[in-house]
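work13.cif follows; it contains mmCIF, C-alpha atoms.
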data_model
loop_
_atom_site.label_atom_id
_atom_site.label_comp_id
_atom_site.auth_asym_id
_atom_site.auth_seq_id
_atom_site.Cartn_x
_atom_site.Cartn_y
_atom_site.Cartn_z
CA MET O 1 101.41 103.56 14.15
CA ARG O 2 97.76 103.74 13.13
CA GLN O 3 96.62 105.94 16.00
CA SER O 4 93.59 108.00 14.97
CA PRO O 5 93.60 111.79 15.44
CA GLN O 6 90.58 111.59 17.73
CA ALA O 7 92.41 109.10 19.91
CA ALA O 8 95.44 111.38 19.99
CA LEU O 9 93.21 114.31 20.86
CA ARG O 10 91.58 112.44 23.69
CA ASN O 11 94.96 111.31 24.87
CA GLY O 12 96.37 114.78 24.80
CA GLY O 13 93.30 116.51 26.22
CA GLY O 14 93.07 114.15 29.21
CA GLU O 15 94.13 115.26 32.66
CA THR O 16 96.16 112.16 33.49
CA PRO O 17 99.76 112.25 32.24
CA SER O 18 99.68 109.50 29.58
CA PRO O 19 102.88 107.91 28.28
CA ARG O 20 104.26 109.68 25.22
CA PRO O 21 103.31 107.68 22.09
CA ARG O 22 106.03 106.35 19.81
CA ILE O 23 105.18 108.51 16.81
CA GLN O 24 106.19 111.66 18.65
CA ALA O 25 109.57 110.44 19.82
CA HIS O 26 111.29 113.34 18.03
CA THR O 27 109.15 116.12 19.51
CA PRO O 28 111.32 118.63 21.36
CA PRO O 29 110.63 118.43 25.11
CA HIS O 30 109.54 122.06 25.43
CA HIS O 31 106.37 121.37 23.40
CA PRO O 32 103.51 120.28 25.65
CA HIS O 33 101.94 117.11 24.34
CA HIS O 34 98.34 118.24 24.00
CA PHE O 35 99.34 121.37 22.07
CA HIS O 36 101.24 119.32 19.49
CA SER O 37 98.37 116.88 19.02
CA THR O 38 95.66 119.49 18.57
CA VAL O 39 97.66 121.44 16.01
CA SER O 40 98.54 118.22 14.18
CA VAL O 41 94.95 117.07 13.98
CA GLN O 42 93.76 120.46 12.77
CA LYS O 43 96.50 120.71 10.14
CA LEU O 44 95.89 117.16 8.97
CA ARG O 45 92.19 117.84 8.55
CA ARG O 46 92.83 121.01 6.54
CA PHE O 47 95.36 119.17 4.40
CA ASN O 48 92.98 116.27 3.75
CA THR O 49 90.22 118.70 2.82
CA LEU O 50 92.53 120.33 0.27
CA ILE O 51 93.32 116.93 -1.24
CA LEU O 52 89.60 116.17 -1.35
CA VAL O 53 88.94 119.40 -3.27
CA PHE O 54 91.58 118.53 -5.88
CA ARG O 55 90.24 114.99 -6.18
CA PHE O 56 86.74 116.31 -6.68
CA ALA O 57 87.96 118.71 -9.39
CA ALA O 58 89.87 115.91 -11.11
CA PHE O 59 86.82 113.66 -10.95
CA CYS O 60 84.53 116.34 -12.43
CA SER O 61 86.95 117.12 -15.26
CA ALA O 62 87.64 113.51 -16.16
CA ALA O 63 83.99 112.46 -15.96
CA ALA O 64 82.90 115.44 -18.08
CA ALA O 65 85.62 114.66 -20.64
CA PHE O 66 84.45 111.04 -20.73
CA VAL O 67 80.81 112.01 -21.25
CA PHE O 68 81.60 114.63 -23.89
CA MET O 69 83.58 112.11 -25.89
CA LEU O 70 81.03 109.33 -25.42
CA VAL O 71 77.92 111.21 -26.58
CA ASN O 72 79.79 112.58 -29.57
CA PRO O 73 78.17 110.89 -32.60
CA ARG O 74 75.13 113.00 -33.44
CA GLY O 75 73.98 112.34 -36.97
CA PRO O 76 74.00 109.16 -39.03
CA ASP O 77 76.82 110.52 -41.22
CA SER O 78 78.94 111.86 -38.37
CA PRO O 79 82.32 110.27 -37.60
CA ARG O 80 82.36 108.11 -34.46
CA TRP O 81 84.91 108.33 -31.68
CA TYR O 82 85.50 104.57 -31.73
CA ASP O 83 86.83 104.79 -35.27
CA PHE O 84 89.91 106.64 -34.00
CA ASP O 85 92.39 104.91 -31.71
CA ALA O 86 93.54 108.17 -30.14
CA PHE O 87 90.00 109.14 -29.12
CA ARG O 88 89.44 105.68 -27.68
CA PHE O 89 92.61 106.18 -25.68
CA VAL O 90 91.32 109.55 -24.44
CA LEU O 91 88.00 107.99 -23.45
CA ALA O 92 89.64 105.08 -21.63
CA ALA O 93 92.17 107.23 -19.79
CA ASN O 94 89.47 109.65 -18.63
CA ALA O 95 87.28 106.77 -17.48
CA ILE O 96 90.14 105.28 -15.48
CA VAL O 97 90.97 108.61 -13.87
CA ALA O 98 87.32 109.30 -13.07
CA VAL O 99 86.86 105.91 -11.36
CA TYR O 100 90.15 106.29 -9.49
CA SER O 101 89.26 109.81 -8.34
CA LEU O 102 85.89 108.61 -7.14
CA PHE O 103 87.52 105.86 -5.10
CA GLU O 104 90.07 108.30 -3.68
CA MET O 105 87.32 110.77 -2.78
CA GLY O 106 85.58 108.00 -0.86
CA ALA O 107 88.83 107.11 0.91
CA SER O 108 89.43 110.78 1.69
CA VAL O 109 85.94 111.33 3.10
CA TRP O 110 86.31 108.16 5.16
CA GLU O 111 89.62 109.41 6.53
CA ILE O 112 88.30 112.87 7.39
CA SER O 113 85.18 111.53 9.08
CA SER O 114 86.58 108.52 10.93
CA GLY O 115 90.17 109.63 11.45
CA VAL O 116 91.76 106.41 10.16
CA THR O 117 92.77 105.57 6.62
CA LEU O 118 90.80 103.06 4.57
CA LEU O 119 93.83 100.85 3.84
CA PRO O 120 96.68 100.41 6.33
CA GLU O 121 98.44 103.73 6.58
CA ILE O 122 101.71 102.83 4.84
CA VAL O 123 99.85 101.12 1.98
CA GLN O 124 97.50 104.08 1.64
CA VAL O 125 100.12 106.82 1.28
CA TRP O 126 102.19 104.86 -1.24
CA PHE O 127 99.09 103.71 -3.12
CA ASP O 128 97.86 107.28 -3.48
CA PHE O 129 101.19 108.68 -4.60
CA GLY O 130 102.03 105.88 -7.02
CA HIS O 131 98.65 105.87 -8.72
CA ASP O 132 98.55 109.66 -8.92
CA GLN O 133 101.86 109.65 -10.75
CA VAL O 134 101.06 106.82 -13.13
CA PHE O 135 97.58 108.05 -13.99
CA ALA O 136 98.84 111.59 -14.51
CA TYR O 137 101.33 110.27 -17.08
CA LEU O 138 98.59 108.14 -18.66
CA LEU O 139 96.16 111.04 -18.96
CA LEU O 140 98.79 113.40 -20.34
CA SER O 141 99.83 110.87 -22.94
CA ALA O 142 96.23 110.26 -24.03
CA ASP O 143 95.43 113.94 -24.25
CA SER O 144 98.59 114.72 -26.24
CA ALA O 145 97.76 112.00 -28.74
CA GLY O 146 94.14 113.19 -28.91
CA THR O 147 95.23 116.78 -29.46
CA GLU O 148 97.46 115.78 -32.31
CA LEU O 149 94.72 113.76 -34.01
CA ALA O 150 92.20 116.58 -33.54
CA ARG O 151 94.67 119.03 -35.08
CA THR O 152 95.29 116.74 -38.01
CA MET O 153 91.56 116.34 -38.57
CA LYS O 154 91.07 120.11 -38.63
CA GLY O 155 92.56 120.28 -42.10
CA THR O 156 90.46 117.50 -43.61
CA ASP O 157 86.88 117.69 -44.87
CA ARG O 158 85.71 115.65 -41.87
CA CYS O 159 85.71 118.81 -39.78
CA THR O 160 84.46 121.21 -42.43
CA SER O 161 81.42 119.05 -43.18
CA ASN O 162 80.76 118.13 -39.54
CA ASN O 163 82.10 120.85 -37.32
CA ALA O 164 80.10 119.85 -34.21
CA PHE O 165 82.06 116.62 -33.87
CA CYS O 166 85.40 118.46 -33.90
CA VAL O 167 84.27 121.13 -31.45
CA GLN O 168 82.98 118.55 -28.99
CA THR O 169 86.18 116.54 -29.30
CA ASP O 170 88.21 119.66 -28.55
CA ILE O 171 86.12 120.34 -25.45
CA SER O 172 86.60 116.77 -24.25
CA ILE O 173 90.37 116.97 -24.68
CA ALA O 174 90.56 120.34 -22.94
CA LEU O 175 88.62 118.91 -19.99
CA GLY O 176 91.06 116.01 -19.97
CA PHE O 177 93.97 118.44 -19.64
CA ALA O 178 92.17 120.13 -16.73
CA GLY O 179 91.84 116.71 -15.12
CA PHE O 180 95.56 116.14 -15.62
CA LEU O 181 96.29 119.46 -13.91
CA PHE O 182 94.22 118.60 -10.84
CA LEU O 183 95.65 115.09 -10.72
CA GLY O 184 99.14 116.56 -10.81
CA LEU O 185 98.29 118.84 -7.90
CA SER O 186 96.91 115.86 -5.94
CA SER O 187 100.12 114.03 -6.77
CA LEU O 188 102.18 116.85 -5.25
CA LEU O 189 100.13 116.72 -2.05
CA SER O 190 100.21 112.94 -1.79
CA GLY O 191 103.97 113.05 -2.39
CA PHE O 192 104.20 115.44 0.53
CA ARG O 193 102.17 112.96 2.60
CA VAL O 194 104.63 110.20 1.73
CA VAL O 195 107.53 112.37 2.90
CA CYS O 196 105.67 113.18 6.12
CA PHE O 197 105.02 109.48 6.62
CA ILE O 198 108.67 108.57 6.11
CA ILE O 199 109.84 111.28 8.49
CA ASN O 200 107.32 110.80 11.28
CA GLY O 201 106.04 107.28 10.83
CA SER O 202 102.54 108.75 10.62
CA ARG O 203 100.45 111.03 8.46
CA PHE O 204 100.80 113.82 11.02
CA HIS O 205 102.77 116.91 10.14
CA ILE O 206 106.18 117.70 11.55
CA MET F 1 124.89 121.95 5.90
CA ARG F 2 127.25 121.76 2.92
CA GLN F 3 129.85 119.59 4.56
CA SER F 4 131.66 117.51 1.95
CA PRO F 5 131.98 113.73 2.36
CA GLN F 6 135.76 114.00 2.35
CA ALA F 7 135.59 116.50 5.20
CA ALA F 8 133.25 114.20 7.09
CA LEU F 9 135.61 111.32 6.47
CA ARG F 10 138.63 113.24 7.73
CA ASN F 11 136.60 114.40 10.71
CA GLY F 12 135.48 110.91 11.55
CA GLY F 13 138.82 109.25 10.89
CA GLY F 14 140.72 111.71 13.10
CA GLU F 15 142.02 110.67 16.51
CA THR F 16 140.89 113.76 18.38
CA PRO F 17 137.30 113.65 19.58
CA SER F 18 135.68 116.28 17.37
CA PRO F 19 132.28 117.77 18.26
CA ARG F 20 129.45 115.85 16.62
CA PRO F 21 128.25 117.84 13.57
CA ARG F 22 124.67 119.03 13.43
CA ILE F 23 123.62 116.87 10.48
CA GLN F 24 124.08 113.70 12.46
CA ALA F 25 122.10 114.73 15.50
CA HIS F 26 119.75 111.76 15.04
CA THR F 27 122.46 109.09 14.85
CA PRO F 28 121.95 106.51 17.58
CA PRO F 29 124.74 106.73 20.16
CA HIS F 30 125.87 103.12 19.74
CA HIS F 31 127.13 103.83 16.18
CA PRO F 32 130.73 105.02 16.21
CA HIS F 33 131.04 108.23 14.26
CA HIS F 34 133.71 107.20 11.75
CA PHE F 35 131.84 104.01 10.85
CA HIS F 36 128.70 105.98 10.01
CA SER F 37 130.64 108.44 7.86
CA THR F 38 132.53 105.85 5.85
CA VAL F 39 129.39 103.88 5.06
CA SER F 40 127.55 107.08 4.18
CA VAL F 41 130.23 108.26 1.80
CA GLN F 42 130.44 104.89 0.10
CA LYS F 43 126.66 104.60 -0.27
CA LEU F 44 126.39 108.15 -1.54
CA ARG F 45 129.05 107.51 -4.16
CA ARG F 46 127.32 104.33 -5.38
CA PHE F 47 123.99 106.18 -5.48
CA ASN F 48 125.47 109.07 -7.44
CA THR F 49 127.08 106.68 -9.90
CA LEU F 50 123.69 105.04 -10.48
CA ILE F 51 122.13 108.44 -11.17
CA LEU F 52 125.01 109.23 -13.54
CA VAL F 53 124.34 106.03 -15.49
CA PHE F 54 120.66 106.89 -15.91
CA ARG F 55 121.53 110.44 -16.94
CA PHE F 56 123.98 109.16 -19.50
CA ALA F 57 121.37 106.77 -20.93
CA ALA F 58 118.79 109.57 -21.07
CA PHE F 59 121.29 111.83 -22.81
CA CYS F 60 122.18 109.19 -25.39
CA SER F 61 118.54 108.41 -26.15
CA ALA F 62 117.44 112.03 -26.40
CA ALA F 63 120.45 113.09 -28.48
CA ALA F 64 120.00 110.15 -30.84
CA ALA F 65 116.29 110.92 -31.18
CA PHE F 66 117.16 114.55 -31.94
CA VAL F 67 119.71 113.61 -34.60
CA PHE F 68 117.45 111.00 -36.22
CA MET F 69 114.66 113.54 -36.53
CA LEU F 70 116.95 116.33 -37.72
CA VAL F 71 118.70 114.47 -40.56
CA ASN F 72 115.39 113.11 -41.79
CA PRO F 73 114.84 114.84 -45.16
CA ARG F 74 116.66 112.71 -47.71
CA GLY F 75 115.38 113.43 -51.19
CA PRO F 76 114.11 116.65 -52.77
CA ASP F 77 110.52 115.30 -52.77
CA SER F 78 110.64 113.91 -49.25
CA PRO F 79 108.46 115.47 -46.54
CA ARG F 80 110.35 117.60 -44.00
CA TRP F 81 110.06 117.35 -40.24
CA TYR F 82 109.57 121.10 -39.91
CA ASP F 83 106.35 120.93 -41.88
CA PHE F 84 104.70 119.04 -39.00
CA ASP F 85 104.14 120.73 -35.66
CA ALA F 86 104.21 117.46 -33.76
CA PHE F 87 107.63 116.50 -35.12
CA ARG F 88 108.96 119.96 -34.29
CA PHE F 89 107.67 119.41 -30.77
CA VAL F 90 109.45 116.04 -30.62
CA LEU F 91 112.68 117.61 -31.86
CA ALA F 92 112.52 120.50 -29.40
CA ALA F 93 111.65 118.31 -26.41
CA ASN F 94 114.49 115.89 -27.18
CA ALA F 95 116.92 118.78 -27.59
CA ILE F 96 115.89 120.24 -24.23
CA VAL F 97 116.22 116.89 -22.49
CA ALA F 98 119.61 116.21 -24.11
CA VAL F 99 121.00 119.59 -23.01
CA TYR F 100 119.56 119.18 -19.52
CA SER F 101 120.96 115.66 -19.19
CA LEU F 102 124.37 116.86 -20.31
CA PHE F 103 124.33 119.59 -17.66
CA GLU F 104 123.20 117.12 -15.00
CA MET F 105 125.92 114.67 -16.00
CA GLY F 106 128.47 117.43 -15.53
CA ALA F 107 127.00 118.28 -12.14
CA SER F 108 127.01 114.60 -11.18
CA VAL F 109 130.62 114.06 -12.21
CA TRP F 110 131.59 117.21 -10.34
CA GLU F 111 129.82 115.93 -7.23
CA ILE F 112 131.39 112.47 -7.40
CA SER F 113 134.89 113.83 -7.96
CA SER F 114 134.93 116.82 -5.62
CA GLY F 115 132.41 115.68 -3.01
CA VAL F 116 130.37 118.90 -3.02
CA THR F 117 127.38 119.76 -5.18
CA LEU F 118 127.68 122.29 -7.99
CA LEU F 119 124.85 124.48 -6.69
CA PRO F 120 124.15 124.89 -2.97
CA GLU F 121 122.90 121.55 -1.73
CA ILE F 122 119.26 122.44 -1.07
CA VAL F 123 118.97 124.18 -4.45
CA GLN F 124 120.60 121.25 -6.20
CA VAL F 125 118.31 118.50 -4.90
CA TRP F 126 115.14 120.46 -5.59
CA PHE F 127 116.43 121.66 -8.97
CA ASP F 128 117.17 118.08 -10.04
CA PHE F 129 113.86 116.67 -8.90
CA GLY F 130 111.70 119.50 -10.26
CA HIS F 131 113.34 119.54 -13.67
CA ASP F 132 113.29 115.75 -13.93
CA GLN F 133 109.56 115.75 -13.34
CA VAL F 134 108.73 118.62 -15.68
CA PHE F 135 110.95 117.41 -18.52
CA ALA F 136 109.62 113.86 -18.20
CA TYR F 137 106.09 115.20 -18.69
CA LEU F 138 107.28 117.36 -21.58
CA LEU F 139 109.00 114.48 -23.35
CA LEU F 140 106.07 112.11 -22.85
CA SER F 141 103.66 114.67 -24.24
CA ALA F 142 105.83 115.31 -27.30
CA ASP F 143 106.32 111.63 -28.00
CA SER F 144 102.61 110.86 -27.64
CA ALA F 145 101.74 113.60 -30.09
CA GLY F 146 104.48 112.44 -32.46
CA THR F 147 103.28 108.84 -32.25
CA GLU F 148 99.75 109.87 -33.13
CA LEU F 149 100.89 111.91 -36.13
CA ALA F 150 103.14 109.10 -37.33
CA ARG F 151 100.26 106.63 -37.05
CA THR F 152 97.97 108.97 -38.97
CA MET F 153 100.59 109.38 -41.69
CA LYS F 154 100.92 105.62 -42.06
CA GLY F 155 97.60 105.48 -43.91
CA THR F 156 98.33 108.28 -46.36
CA ASP F 157 100.37 108.13 -49.54
CA ARG F 158 103.15 110.14 -47.88
CA CYS F 159 104.43 106.96 -46.26
CA THR F 160 103.76 104.61 -49.16
CA SER F 161 105.71 106.80 -51.57
CA ASN F 162 108.48 107.66 -49.10
CA ASN F 163 108.77 104.92 -46.55
CA ALA F 164 112.27 105.90 -45.32
CA PHE F 165 110.94 109.11 -43.83
CA CYS F 166 108.28 107.26 -41.83
CA VAL F 167 110.67 104.58 -40.58
CA GLN F 168 113.21 107.12 -39.44
CA THR F 169 110.50 109.12 -37.68
CA ASP F 170 109.36 106.00 -35.87
CA ILE F 171 112.90 105.29 -34.71
CA SER F 172 113.28 108.85 -33.45
CA ILE F 173 110.04 108.63 -31.47
CA ALA F 174 110.95 105.25 -30.01
CA LEU F 175 114.30 106.65 -28.86
CA GLY F 176 112.38 109.54 -27.32
CA PHE F 177 110.30 107.08 -25.30
CA ALA F 178 113.50 105.39 -24.11
CA GLY F 179 114.76 108.81 -23.03
CA PHE F 180 111.52 109.34 -21.13
CA LEU F 181 111.98 106.02 -19.35
CA PHE F 182 115.51 106.85 -18.19
CA LEU F 183 114.47 110.36 -17.20
CA GLY F 184 111.64 108.86 -15.14
CA LEU F 185 114.11 106.57 -13.38
CA SER F 186 116.40 109.54 -12.66
CA SER F 187 113.37 111.35 -11.33
CA LEU F 188 112.67 108.51 -8.88
CA LEU F 189 116.25 108.61 -7.60
CA SER F 190 116.36 112.40 -7.31
CA GLY F 191 113.03 112.27 -5.50
CA PHE F 192 114.64 109.85 -3.07
CA ARG F 193 117.51 112.34 -2.65
CA VAL F 194 115.03 115.09 -1.81
CA VAL F 195 113.45 112.90 0.88
CA CYS F 196 116.91 112.07 2.28
CA PHE F 197 117.74 115.75 2.31
CA ILE F 198 114.54 116.63 4.16
CA ILE F 199 115.09 113.89 6.73
CA ASN F 200 118.80 114.36 7.36
CA GLY F 201 119.53 117.90 6.28
CA SER F 202 122.16 116.45 3.94
CA ARG F 203 122.47 114.18 0.92
CA PHE F 204 123.74 111.36 3.10
CA HIS F 205 121.65 108.25 3.58
CA ILE F 206 119.83 107.46 6.76
#
Written as C-alpha cells, that's how I'd like the structure from this file.
Amino acid sequence: MRQSPQAALRNGGGETPSPRPRIQAHTPPHHPHHFHSTVSVQKLRRFNTLILVFRFAAFCSAAAAFVFMLVNPRGPDSPRWYDFDAFRFVLAANAIVAVYSLFEMGASVWEISSGVTLLPEIVQVWFDFGHDQVFAYLLLSADSAGTELARTMKGTDRCTSNNAFCVQTDISIALGFAGFLFLGLSSLLSGFRVVCFIINGSRFHI
Amino acid sequence: MRQSPQAALRNGGGETPSPRPRIQAHTPPHHPHHFHSTVSVQKLRRFNTLILVFRFAAFCSAAAAFVFMLVNPRGPDSPRWYDFDAFRFVLAANAIVAVYSLFEMGASVWEISSGVTLLPEIVQVWFDFGHDQVFAYLLLSADSAGTELARTMKGTDRCTSNNAFCVQTDISIALGFAGFLFLGLSSLLSGFRVVCFIINGSRFHI
C-alpha cells in the first residue's frame, strides 16, 4: 500500500519484468506498466505542489491576520482586542489555522521530497481532509462574528475617536477571510485525494 | 447509467441469464447477480431514508428559525429584525435553507418511491453535495454574525427594556445552528454518495 513513487518508478523503469503490484490491479492490460507509473508520479507531484501552494497562501493569510490583530493596541487610550470576545475568537482561530497550515506544509514538503507520507497513508489523507473541513468552518465562524462586531463598532464613538484600531481590525478580518478561501481550496483538493485513495488504495491518480 | 433499482431487481430475479450490466463490471464472480442487486437496493433505500430524516430535521429547524425571527416585533416600541443587517442575514439564510431542504425532501421521496433520481443521476449527486456544502457555510456564517450581534445587544438597554425580543432572537439563532448541524450531516452522506457514484458509476453501494 505505502509504495513510494520513486520505488514505483524504479520498478517500472527496470528491464526485468517485475510482478504487477497490488495497487494497480484495475489497470487495463493495454497500458504498459512503466508508462502508467511515470505519469502517475508526475501527476502526483504536480498535485502535491498545488496543495503546497494553497497551504502556503493559507498560512500567510492566517499568520498575517493573527499578527495584525495582536499588535492592535497602539495608544494608552485605545481599545484592546482582548476586551472583545469576538476578536479573541478571530485571533485564536487564525492562530490555530496558521499552526495547522505550517504543519501541513511540512508534511507536504516531506511527501514531495521523500515520496512517502509523514503519517501512514490512510491516516494522512483522512487527517488532512477532516481538519481542513473543521478548521474552515471554525475560521468562517470566527470571521463572521468578528465582522459583525466590527460593523457594530463602526457606529459608536470608539471608532470615531480611534479610527486606527477599527481599520486594523478590518484588515485582520479580511485576511482571515482570505485564509478561509485558501483553506477551502485545500479542502477540495484533499477531498479529491481521499476519493483517489478510496478508489485506488493509494494516493496515485486513476 | 440511470438504471433503476426496480429494473435491476427484475433483471437479477429473472430466470433467463441476462447480460451483466456495465455498472457491475467490478463485482467479483463468486457473487450471484440477484443477491448483489437485492442487497444493493435494500441498502440504498435505507441510506436514502436516513438522508430524508436529516433533510426533514434541517427543514424543521430552518423553517422554525425563520418563523421565530419573522414574528419577532411584538409591541410598537419593540426593535424590529429588519433594522439589523445581521438578523436579516439570519432570516435570509434560514429561508434559503428551508426552501432547499424542502426541494431535497421532495427529490428524496421521489427517489425512494420511484427508484430513479429526479435529475439525471450524475447531476443529482453533485448538485446535492455542492449545495449542501455551500448552504452549510452560508448558514454558519449567518448564525455566527447573528450570535455576535445578539451578544452585543445583551449589554445595551434594548434588551433590558424589551427582553422578549432578545430571547426570541436567541431561540431563532439556536434553531439556525441546529439546522446547520443537520445540513452538515446531510452533506457528509451526500459526499459519501458522490464517492459511491465515482467508484461504481451508480448510486449503489460497493
Show me a table, sorted first by chain and then by increasing residue number, of the residues of chain O having an atom at most 12 Å from chain F, each with its shortest atom pair and the distance in Å to one decimal, counting only C-alpha atoms and written as a Markdown table.
| residue | atom | partner | partner_atom | distance |
| --- | --- | --- | --- | --- |
| O:Ala25 | CA | F:His26 | CA | 11.3 |
| O:His26 | CA | F:His26 | CA | 9.1 |
| O:Phe84 | CA | F:Thr152 | CA | 9.8 |
| O:Asp85 | CA | F:Glu148 | CA | 9.0 |
| O:Ala86 | CA | F:Glu148 | CA | 7.1 |
| O:Phe87 | CA | F:Glu148 | CA | 10.6 |
| O:Phe89 | CA | F:Glu148 | CA | 11.0 |
| O:Val90 | CA | F:Ser144 | CA | 11.8 |
| O:Gly130 | CA | F:Leu188 | CA | 11.1 |
| O:Gln133 | CA | F:Gln133 | CA | 10.2 |
| O:Val134 | CA | F:Gly184 | CA | 11.0 |
| O:Ala136 | CA | F:Tyr137 | CA | 9.1 |
| O:Tyr137 | CA | F:Tyr137 | CA | 7.0 |
| O:Leu138 | CA | F:Leu140 | CA | 9.4 |
| O:Leu139 | CA | F:Ser141 | CA | 9.9 |
| O:Leu140 | CA | F:Ser141 | CA | 6.4 |
| O:Ser141 | CA | F:Ser144 | CA | 5.5 |
| O:Ala142 | CA | F:Ser144 | CA | 7.4 |
| O:Asp143 | CA | F:Ser141 | CA | 8.3 |
| O:Ser144 | CA | F:Ala145 | CA | 5.1 |
| O:Ala145 | CA | F:Ala145 | CA | 4.5 |
| O:Gly146 | CA | F:Ala145 | CA | 7.7 |
| O:Thr147 | CA | F:Ala145 | CA | 7.3 |
| O:Glu148 | CA | F:Ala145 | CA | 5.3 |
| O:Leu149 | CA | F:Glu148 | CA | 6.4 |
| O:Ala150 | CA | F:Glu148 | CA | 10.1 |
| O:Arg151 | CA | F:Leu149 | CA | 9.5 |
| O:Thr152 | CA | F:Leu149 | CA | 7.6 |
| O:Met153 | CA | F:Thr152 | CA | 9.8 |
| O:Phe177 | CA | F:Ser141 | CA | 11.4 |
| O:Phe180 | CA | F:Tyr137 | CA | 11.0 |
| O:Leu181 | CA | F:Tyr137 | CA | 11.7 |
| O:Gly184 | CA | F:Tyr137 | CA | 10.6 |
| O:Ser187 | CA | F:Gln133 | CA | 11.6 |
| O:Leu188 | CA | F:Gln133 | CA | 11.0 |
| O:Gly191 | CA | F:Gly191 | CA | 9.6 |
| O:Phe192 | CA | F:Val195 | CA | 9.6 |
| O:Arg193 | CA | F:Val195 | CA | 11.4 |
| O:Val194 | CA | F:Val195 | CA | 9.3 |
| O:Val195 | CA | F:Val195 | CA | 6.3 |
| O:Cys196 | CA | F:Val195 | CA | 9.4 |
| O:Phe197 | CA | F:Val195 | CA | 10.8 |
| O:Ile198 | CA | F:Val195 | CA | 8.3 |
| O:Ile199 | CA | F:Ile199 | CA | 6.1 |
| O:Asn200 | CA | F:Ile199 | CA | 9.5 |
| O:Gly201 | CA | F:Ile199 | CA | 11.9 |
| O:Ile206 | CA | F:Ile199 | CA | 10.8 |
Problem set entry | Distance of atom CA of O:Leu102 from atom CA of O:Phe59, expressed in Å to one decimal place | 6.4 Å
Problem set entry | Residue members of the PyMOL selection byres ((chain O and resi 62) around 8) in the file shown, as an NGL selection string | :O and (58-61 or 63-66 or 94-95 or 97-98 or 175-176 or 179)
With the file shown as input, list the residues that the PyMOL selection byres ((chain F and resi 128) around 12) selects, as a PDB file with C-alpha atoms, in the coordinates of the input.
ATOM      1  CA  ILE F  51     122.130 108.440 -11.170  1.00  0.00           C
ATOM      2  CA  ARG F  55     121.530 110.440 -16.940  1.00  0.00           C
ATOM      3  CA  TYR F 100     119.560 119.180 -19.520  1.00  0.00           C
ATOM      4  CA  SER F 101     120.960 115.660 -19.190  1.00  0.00           C
ATOM      5  CA  PHE F 103     124.330 119.590 -17.660  1.00  0.00           C
ATOM      6  CA  GLU F 104     123.200 117.120 -15.000  1.00  0.00           C
ATOM      7  CA  MET F 105     125.920 114.670 -16.000  1.00  0.00           C
ATOM      8  CA  ALA F 107     127.000 118.280 -12.140  1.00  0.00           C
ATOM      9  CA  SER F 108     127.010 114.600 -11.180  1.00  0.00           C
ATOM     10  CA  THR F 117     127.380 119.760  -5.180  1.00  0.00           C
ATOM     11  CA  LEU F 118     127.680 122.290  -7.990  1.00  0.00           C
ATOM     12  CA  LEU F 119     124.850 124.480  -6.690  1.00  0.00           C
ATOM     13  CA  GLU F 121     122.900 121.550  -1.730  1.00  0.00           C
ATOM     14  CA  ILE F 122     119.260 122.440  -1.070  1.00  0.00           C
ATOM     15  CA  VAL F 123     118.970 124.180  -4.450  1.00  0.00           C
ATOM     16  CA  GLN F 124     120.600 121.250  -6.200  1.00  0.00           C
ATOM     17  CA  VAL F 125     118.310 118.500  -4.900  1.00  0.00           C
ATOM     18  CA  TRP F 126     115.140 120.460  -5.590  1.00  0.00           C
ATOM     19  CA  PHE F 127     116.430 121.660  -8.970  1.00  0.00           C
ATOM     20  CA  PHE F 129     113.860 116.670  -8.900  1.00  0.00           C
ATOM     21  CA  GLY F 130     111.700 119.500 -10.260  1.00  0.00           C
ATOM     22  CA  HIS F 131     113.340 119.540 -13.670  1.00  0.00           C
ATOM     23  CA  ASP F 132     113.290 115.750 -13.930  1.00  0.00           C
ATOM     24  CA  GLN F 133     109.560 115.750 -13.340  1.00  0.00           C
ATOM     25  CA  VAL F 134     108.730 118.620 -15.680  1.00  0.00           C
ATOM     26  CA  PHE F 135     110.950 117.410 -18.520  1.00  0.00           C
ATOM     27  CA  ALA F 136     109.620 113.860 -18.200  1.00  0.00           C
ATOM     28  CA  LEU F 183     114.470 110.360 -17.200  1.00  0.00           C
ATOM     29  CA  GLY F 184     111.640 108.860 -15.140  1.00  0.00           C
ATOM     30  CA  SER F 186     116.400 109.540 -12.660  1.00  0.00           C
ATOM     31  CA  SER F 187     113.370 111.350 -11.330  1.00  0.00           C
ATOM     32  CA  LEU F 188     112.670 108.510  -8.880  1.00  0.00           C
ATOM     33  CA  LEU F 189     116.250 108.610  -7.600  1.00  0.00           C
ATOM     34  CA  SER F 190     116.360 112.400  -7.310  1.00  0.00           C
ATOM     35  CA  GLY F 191     113.030 112.270  -5.500  1.00  0.00           C
ATOM     36  CA  PHE F 192     114.640 109.850  -3.070  1.00  0.00           C
ATOM     37  CA  ARG F 193     117.510 112.340  -2.650  1.00  0.00           C
ATOM     38  CA  VAL F 194     115.030 115.090  -1.810  1.00  0.00           C
TER      39      VAL F 194
END
For this session: Measuring atom to atom with all atoms listed in the file, identify which of O:Leu91, O:Ile96, O:Ala164, O:Val109 is nearest to O:Leu70.
Result: O:Leu91
Exercise. Do you have the atom CA of O:Val99-atom CA of O:Leu185 distance handy?
Worked result: 17.6 Å
Problem set entry | Computed interatomic separation between atom CA of F:Phe68 and atom CA of F:Cys159 (Å) |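 A separation of 16.9 Å between them.
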Given the PyMOL selection byres ((chain O and resi 113) around 12) and the file above, list the residues it selects as a CSV table (one decimal) with C-alpha atoms, in the frame of the given file.
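The resulting file, part-v4.csv, is reproduced below:
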chain,number,residue,atom,x,y,z
O,4,SER,CA,93.6,108.0,15.0
O,5,PRO,CA,93.6,111.8,15.4
O,6,GLN,CA,90.6,111.6,17.7
O,45,ARG,CA,92.2,117.8,8.6
O,48,ASN,CA,93.0,116.3,3.8
O,49,THR,CA,90.2,118.7,2.8
O,106,GLY,CA,85.6,108.0,-0.9
O,107,ALA,CA,88.8,107.1,0.9
O,108,SER,CA,89.4,110.8,1.7
O,109,VAL,CA,85.9,111.3,3.1
O,110,TRP,CA,86.3,108.2,5.2
O,111,GLU,CA,89.6,109.4,6.5
O,112,ILE,CA,88.3,112.9,7.4
O,114,SER,CA,86.6,108.5,10.9
O,115,GLY,CA,90.2,109.6,11.4
O,116,VAL,CA,91.8,106.4,10.2
O,117,THR,CA,92.8,105.6,6.6
O,118,LEU,CA,90.8,103.1,4.6
